[in-house]
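Structure record follows, encoded as structure tokens.
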Amino acid sequence: MSGTRTEAVGRALRRAWGRDTCDPHDLPDWEPGNPARGQCGVTALIVRELLGGELVLGEVFVGAEKVGHHYWNRLPDGRDVDFTADQFRPEERVTGGLVQEVPTGGPLRCREQYELLRARVLAQLAAHP
């Protein structure tokens with residue numbers, strides 16, 4: 001997998017994230033200073049579509065309390081890529097990591113956010129190949 005293609009996808013994602021692409025569950029915590037917050041699910045689906053590989057799901061904990069889930073990607077060459085890893089606060093830690101089935105036809109949850117982010121990312125990649 002070309003590092004250049006992976007980097008281009010990462011740049012396009014960072015330009016494309018917004019409040020309107022955030023998972024509604026995470027909207028209270030989303031802010032322009034932390035644009036990756038709440039973007040992991042839709043981002044991981046788009047990365048898989050563009051770069052291949054697998055969708056990975058972990059759990060997010062604060063202390064002993066499970067507070068959420070987190071998605072990232074395992075590329076075809078075996079490398080894990082997590083473009084939204086910097087969304088987490090110091091007290092939040094991601095554990096586990098099980099490969100997930102990819103939903104056929106796109107996600108059921110956050111469908112609008114996925115479609116909006118996907119369109120923005122594809123436009124960014126077309127404008128900045």
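The way I read the labels, and the way they are meant: chains A, B, ... in the order of the structure tokens, residue 1 as the first residue of every chain, and ligand 1 as the first ligand shown, with later ones counted on from there.
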
Quick one: contact table of region 52-91 of chain A to region 31-45 of chain A, 10 Å max, nearest atom pair and distance in Å to one decimal per residue, counting only C-alpha atoms, chain and number order, as JSON lines?
{"residue": "A:Gly52", "atom": "CA", "partner": "A:Leu45", "partner_atom": "CA", "distance": 9.7}
{"residue": "A:Glu54", "atom": "CA", "partner": "A:Ala44", "partner_atom": "CA", "distance": 9.0}
{"residue": "A:Leu55", "atom": "CA", "partner": "A:Ala44", "partner_atom": "CA", "distance": 6.6}
{"residue": "A:Val56", "atom": "CA", "partner": "A:Ala44", "partner_atom": "CA", "distance": 8.3}
{"residue": "A:Leu57", "atom": "CA", "partner": "A:Gly41", "partner_atom": "CA", "distance": 9.1}
{"residue": "A:His69", "atom": "CA", "partner": "A:Cys40", "partner_atom": "CA", "distance": 9.1}
{"residue": "A:His70", "atom": "CA", "partner": "A:Cys40", "partner_atom": "CA", "distance": 6.3}
{"residue": "A:Tyr71", "atom": "CA", "partner": "A:Cys40", "partner_atom": "CA", "distance": 5.4}
{"residue": "A:Trp72", "atom": "CA", "partner": "A:Ala44", "partner_atom": "CA", "distance": 5.3}
{"residue": "A:Asn73", "atom": "CA", "partner": "A:Ala44", "partner_atom": "CA", "distance": 5.9}
{"residue": "A:Arg74", "atom": "CA", "partner": "A:Ala44", "partner_atom": "CA", "distance": 9.5}
{"residue": "A:Val81", "atom": "CA", "partner": "A:Ala44", "partner_atom": "CA", "distance": 9.1}
{"residue": "A:Asp82", "atom": "CA", "partner": "A:Ala44", "partner_atom": "CA", "distance": 7.9}
{"residue": "A:Phe83", "atom": "CA", "partner": "A:Thr43", "partner_atom": "CA", "distance": 7.8}
{"residue": "A:Thr84", "atom": "CA", "partner": "A:Ala36", "partner_atom": "CA", "distance": 5.1}
{"residue": "A:Ala85", "atom": "CA", "partner": "A:Ala36", "partner_atom": "CA", "distance": 7.8}
{"residue": "A:Asp86", "atom": "CA", "partner": "A:Ala36", "partner_atom": "CA", "distance": 7.0}
{"residue": "A:Gln87", "atom": "CA", "partner": "A:Arg37", "partner_atom": "CA", "distance": 4.8}
{"residue": "A:Phe88", "atom": "CA", "partner": "A:Arg37", "partner_atom": "CA", "distance": 7.5}
{"residue": "A:Arg89", "atom": "CA", "partner": "A:Arg37", "partner_atom": "CA", "distance": 10.0}

Apply DSSP to the structure's backbone, then extract all residues of region 23-68 of chain A labelled helix (DSSP H, G or I) and return them as an NGL selection string.
-> :A and (24-29 or 40-51)

What does the distance from CA of Ala123 (chain A) to CA of Ala16 (chain A) come to in Å, to one decimal?
-> 9.3 Å

Have a look at A:Arg14, A:Thr21, A:Thr95, A:Gly3 and name the one nearest to Glu115 (chain A); count only C-alpha atoms.
->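 Going through A:Arg14, A:Thr21, A:Thr95, A:Gly3 one by one, the smallest distance to Glu115 (chain A) is for A:Thr21.
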
DSSP strand (DSSP E or B) residues within region 36-119 of chain A, listed as JSON, numbers by chain = {"A": [54, 55, 56, 57, 58, 59, 60, 61, 62, 65, 66, 67, 68, 69, 70, 71, 72, 73, 74, 80, 81, 92, 93, 94, 95, 96, 97, 98, 99, 100]}

For Arg19 (chain A), the nearest of the candidates A:Ala127, A:Arg93, A:Gly105, A:Leu117, counting only C-alpha atoms | A:Leu117
